[in-house]
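Contents: one structure, followed by commentary.
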Amino acid sequence: MRFDVDGTLIDSNGAHALSWQQALAEHGKPVPLDQVRRLIGMGGDKLLPGLSGIEEESAVGKAISARSKPDPDIVHAALSRADAAADGAVMVGDTPYDLEAANRAGIPAIALRCGRTWADVDFARGIAIFDDPTALLNHWQGGVAQL
């Protein structure tokens with residue numbers, strides 16, 4: 001089992017959102033923090049156009065468009081690096097973007113509600129939803145290895 005550590009096991013979403021907000025403000029694109037936070041978990045090539053209006057096909061857009069969620073390439077790269085097969089993997093993530101990336105890569109995904117205020121409907125692509133890593137561990141240790 002592989003985990004999306006950043007934001008799932010370590011609550012770094014607030015720091016990411018603040019960094020994006022500050023960077024955009026420094027470039028003349030002020031954005032409310034809650035608007036930025038809602039998109040954290042998405043790749044920069046998706047987040048940046050959504051917040052700033054920078055077109056993906058622009059020179060700046062192209063420069064930042066390699067390998068980000070929800071595109072499956074980052075999941076394929078993780079599988080390759082872990083020397084794992086998609087048919088034996090499960091991804092654990094805390095955003096709908098994580099689940100979409102996993103689904104596009106052909107692997108099931110488990111959703112964790114920690115770190116943000118997503119509704120369960122946002123996690124519809126997952127095979128299960130847990131409140132946090134502890135709830136998943138308790139489920140796993142309870143002898144229910146099959147989801």
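Going by the structure tokens order, chains are called A, B, ..., each with residues numbered from 1, while ligands are numbered from 1 in the order shown.
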
- So which residues touch Pro108 in chain A within 7 Å, counting only C-alpha atoms, skipping near sequence neighbours fewer than 5 positions away, as an MDAnalysis selection string? chainID A and resid 90:91 102:103 126:127

Report as JSON lines: every residue of range 83-142 of chain A with an atom at most 10 Å from range 36-60 of chain A, its closest pair of atoms, and their distance in Å to one decimal, counting only C-alpha atoms, with rows sorted by chain and ascending residue number.
{"residue": "A:Gly93", "atom": "CA", "partner": "A:Gly41", "partner_atom": "CA", "distance": 9.2}
{"residue": "A:Asp94", "atom": "CA", "partner": "A:Gly41", "partner_atom": "CA", "distance": 8.0}
{"residue": "A:Thr95", "atom": "CA", "partner": "A:Gly41", "partner_atom": "CA", "distance": 6.0}
{"residue": "A:Pro96", "atom": "CA", "partner": "A:Gly41", "partner_atom": "CA", "distance": 8.2}
{"residue": "A:Tyr97", "atom": "CA", "partner": "A:Met42", "partner_atom": "CA", "distance": 5.8}
{"residue": "A:Asp98", "atom": "CA", "partner": "A:Gly41", "partner_atom": "CA", "distance": 7.2}
{"residue": "A:Ala101", "atom": "CA", "partner": "A:Met42", "partner_atom": "CA", "distance": 9.8}
{"residue": "A:Arg116", "atom": "CA", "partner": "A:Arg38", "partner_atom": "CA", "distance": 8.0}
{"residue": "A:Thr117", "atom": "CA", "partner": "A:Arg38", "partner_atom": "CA", "distance": 8.5}
{"residue": "A:Trp118", "atom": "CA", "partner": "A:Arg38", "partner_atom": "CA", "distance": 8.8}

Any chance you could export the current selection's N, CA and C atoms as a PDB file, in the first residue's frame?
ATOM      1  N   GLY A  93      -5.286   8.703  -0.387  1.00  0.00           N
ATOM      2  CA  GLY A  93      -5.142  10.136  -0.579  1.00  0.00           C
ATOM      3  C   GLY A  93      -6.219  10.908   0.140  1.00  0.00           C
ATOM      4  N   ASP A  94      -6.044  12.230   0.194  1.00  0.00           N
ATOM      5  CA  ASP A  94      -7.000  13.059   0.927  1.00  0.00           C
ATOM      6  C   ASP A  94      -7.670  14.122   0.075  1.00  0.00           C
ATOM      7  N   THR A  95      -7.594  13.994  -1.239  1.00  0.00           N
ATOM      8  CA  THR A  95      -8.306  14.916  -2.124  1.00  0.00           C
ATOM      9  C   THR A  95      -8.960  14.126  -3.245  1.00  0.00           C
ATOM     10  N   PRO A  96      -9.994  14.677  -3.844  1.00  0.00           N
ATOM     11  CA  PRO A  96     -10.584  14.027  -5.016  1.00  0.00           C
ATOM     12  C   PRO A  96      -9.574  13.899  -6.159  1.00  0.00           C
ATOM     13  N   TYR A  97      -8.600  14.798  -6.203  1.00  0.00           N
ATOM     14  CA  TYR A  97      -7.573  14.756  -7.241  1.00  0.00           C
ATOM     15  C   TYR A  97      -6.695  13.515  -7.085  1.00  0.00           C
ATOM     16  N   ASP A  98      -6.414  13.128  -5.837  1.00  0.00           N
ATOM     17  CA  ASP A  98      -5.658  11.902  -5.584  1.00  0.00           C
ATOM     18  C   ASP A  98      -6.430  10.696  -6.126  1.00  0.00           C
ATOM     19  N   ALA A 101      -6.496  10.639  -9.947  1.00  0.00           N
ATOM     20  CA  ALA A 101      -5.196  10.218 -10.482  1.00  0.00           C
ATOM     21  C   ALA A 101      -5.032   8.708 -10.354  1.00  0.00           C
ATOM     22  N   ARG A 116      -8.936  18.681   5.297  1.00  0.00           N
ATOM     23  CA  ARG A 116      -9.801  19.617   4.570  1.00  0.00           C
ATOM     24  C   ARG A 116     -11.263  19.327   4.800  1.00  0.00           C
ATOM     25  N   THR A 117     -12.103  20.017   4.088  1.00  0.00           N
ATOM     26  CA  THR A 117     -13.542  19.900   4.310  1.00  0.00           C
ATOM     27  C   THR A 117     -14.267  19.334   3.102  1.00  0.00           C
ATOM     28  N   TRP A 118     -13.722  18.312   2.488  1.00  0.00           N
ATOM     29  CA  TRP A 118     -14.379  17.680   1.342  1.00  0.00           C
ATOM     30  C   TRP A 118     -15.620  16.931   1.822  1.00  0.00           C
TER      31      TRP A 118
END

**Request:** Write down as an NGL selection string the residues belonging to chain A that are assigned alpha helix (DSSP H) by DSSP computed on the backbone.
**Result:** :A and (5-8 or 13-26 or 33-39 or 44-52 or 59-63 or 73-81 or 96-104 or 133-141)

Do a neighbour search on range 31-35 of chain A at 9 Å with only C-alpha atoms, toss out local chain neighbours closer than 6 positions, and write the hits as an NGL selection string. :A and (17-18 or 20-22 or 24-25 or 51-52)

Put those residues in a file: C-alpha atoms, as a PDB file, in the first residue's frame.
ATOM      1  CA  ALA A  17      -2.077  27.307   0.309  1.00  0.00           C
ATOM      2  CA  LEU A  18      -0.318  30.196   2.014  1.00  0.00           C
ATOM      3  CA  TRP A  20       0.602  29.819  -3.376  1.00  0.00           C
ATOM      4  CA  GLN A  21      -1.328  32.849  -2.113  1.00  0.00           C
ATOM      5  CA  GLN A  22       1.882  34.761  -1.380  1.00  0.00           C
ATOM      6  CA  LEU A  24       0.436  34.894  -6.654  1.00  0.00           C
ATOM      7  CA  ALA A  25       0.175  38.168  -4.730  1.00  0.00           C
ATOM      8  CA  LEU A  51      -6.429  30.762  -9.689  1.00  0.00           C
ATOM      9  CA  SER A  52      -4.581  33.171 -11.950  1.00  0.00           C
TER      10      SER A  52
END

I'd like the contact shell of Ala85 in chain A - 10 Å cut-off, only C-alpha atoms, skipping same-chain residues fewer than 5 positions apart - returned as a list in words.
His76, Leu79, Ser80 and Ile107 of chain A

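With distances restricted to only C-alpha atoms, A:Asp131 is the closest residue to Ala119 in chain A from A:Lys29, A:Ala86, A:Gln141, A:Asp131.
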
One residue among A:Pro70, A:Ala89, A:Phe130, A:Ala82 is nearest to Arg113 in chain A when using only C-alpha atoms, and that residue is A:Phe130

Tell me, which residues of chain A carry DSSP strand (DSSP E), written as a PDB file with N, CA and C atoms, in the first residue's frame?
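Result file states-v5.pdb:
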ATOM      1  N   ARG A   2       0.607   2.194  -0.843  1.00  0.00           N
ATOM      2  CA  ARG A   2       1.374   3.438  -0.923  1.00  0.00           C
ATOM      3  C   ARG A   2       0.513   4.588  -0.421  1.00  0.00           C
ATOM      4  N   PHE A   3       1.117   5.532   0.267  1.00  0.00           N
ATOM      5  CA  PHE A   3       0.395   6.662   0.817  1.00  0.00           C
ATOM      6  C   PHE A   3       0.825   7.953   0.161  1.00  0.00           C
ATOM      7  N   MET A  91      -3.953   3.215  -3.603  1.00  0.00           N
ATOM      8  CA  MET A  91      -3.478   4.548  -3.235  1.00  0.00           C
ATOM      9  C   MET A  91      -4.355   5.098  -2.122  1.00  0.00           C
ATOM     10  N   VAL A  92      -3.740   5.770  -1.169  1.00  0.00           N
ATOM     11  CA  VAL A  92      -4.468   6.438  -0.098  1.00  0.00           C
ATOM     12  C   VAL A  92      -4.214   7.928  -0.261  1.00  0.00           C
ATOM     13  N   GLY A  93      -5.286   8.703  -0.387  1.00  0.00           N
ATOM     14  CA  GLY A  93      -5.142  10.136  -0.579  1.00  0.00           C
ATOM     15  C   GLY A  93      -6.219  10.908   0.140  1.00  0.00           C
ATOM     16  N   ALA A 109      -8.430   3.426  -4.931  1.00  0.00           N
ATOM     17  CA  ALA A 109      -7.972   4.446  -3.991  1.00  0.00           C
ATOM     18  C   ALA A 109      -8.883   4.495  -2.771  1.00  0.00           C
ATOM     19  N   ILE A 110      -8.267   4.760  -1.631  1.00  0.00           N
ATOM     20  CA  ILE A 110      -8.964   4.952  -0.366  1.00  0.00           C
ATOM     21  C   ILE A 110      -8.861   6.431  -0.020  1.00  0.00           C
ATOM     22  N   ALA A 111      -9.979   7.022   0.382  1.00  0.00           N
ATOM     23  CA  ALA A 111     -10.005   8.439   0.726  1.00  0.00           C
ATOM     24  C   ALA A 111      -9.913   8.642   2.233  1.00  0.00           C
ATOM     25  N   LEU A 112      -9.148   9.658   2.627  1.00  0.00           N
ATOM     26  CA  LEU A 112      -9.088  10.097   4.018  1.00  0.00           C
ATOM     27  C   LEU A 112      -9.642  11.514   4.090  1.00  0.00           C
ATOM     28  N   ALA A 128     -13.247   3.240  -0.403  1.00  0.00           N
ATOM     29  CA  ALA A 128     -13.596   3.409   0.999  1.00  0.00           C
ATOM     30  C   ALA A 128     -13.207   4.816   1.433  1.00  0.00           C
ATOM     31  N   ILE A 129     -13.857   5.288   2.502  1.00  0.00           N
ATOM     32  CA  ILE A 129     -13.560   6.607   3.057  1.00  0.00           C
ATOM     33  C   ILE A 129     -13.369   6.445   4.562  1.00  0.00           C
ATOM     34  N   PHE A 130     -12.276   7.020   5.075  1.00  0.00           N
ATOM     35  CA  PHE A 130     -11.985   7.002   6.503  1.00  0.00           C
ATOM     36  C   PHE A 130     -11.728   8.428   6.964  1.00  0.00           C
TER      37      PHE A 130
END

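Proximity ranking of A:Ala78, A:His139, A:Asn13, A:Ala23 relative to Cys114 in chain A places A:Asn13 first, based on only C-alpha atoms.
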
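Using only C-alpha atoms, the smallest distance between any of A:Asp132, A:Asp120, A:Asp83, A:Asp73 and Ala105 in chain A comes from A:Asp73.
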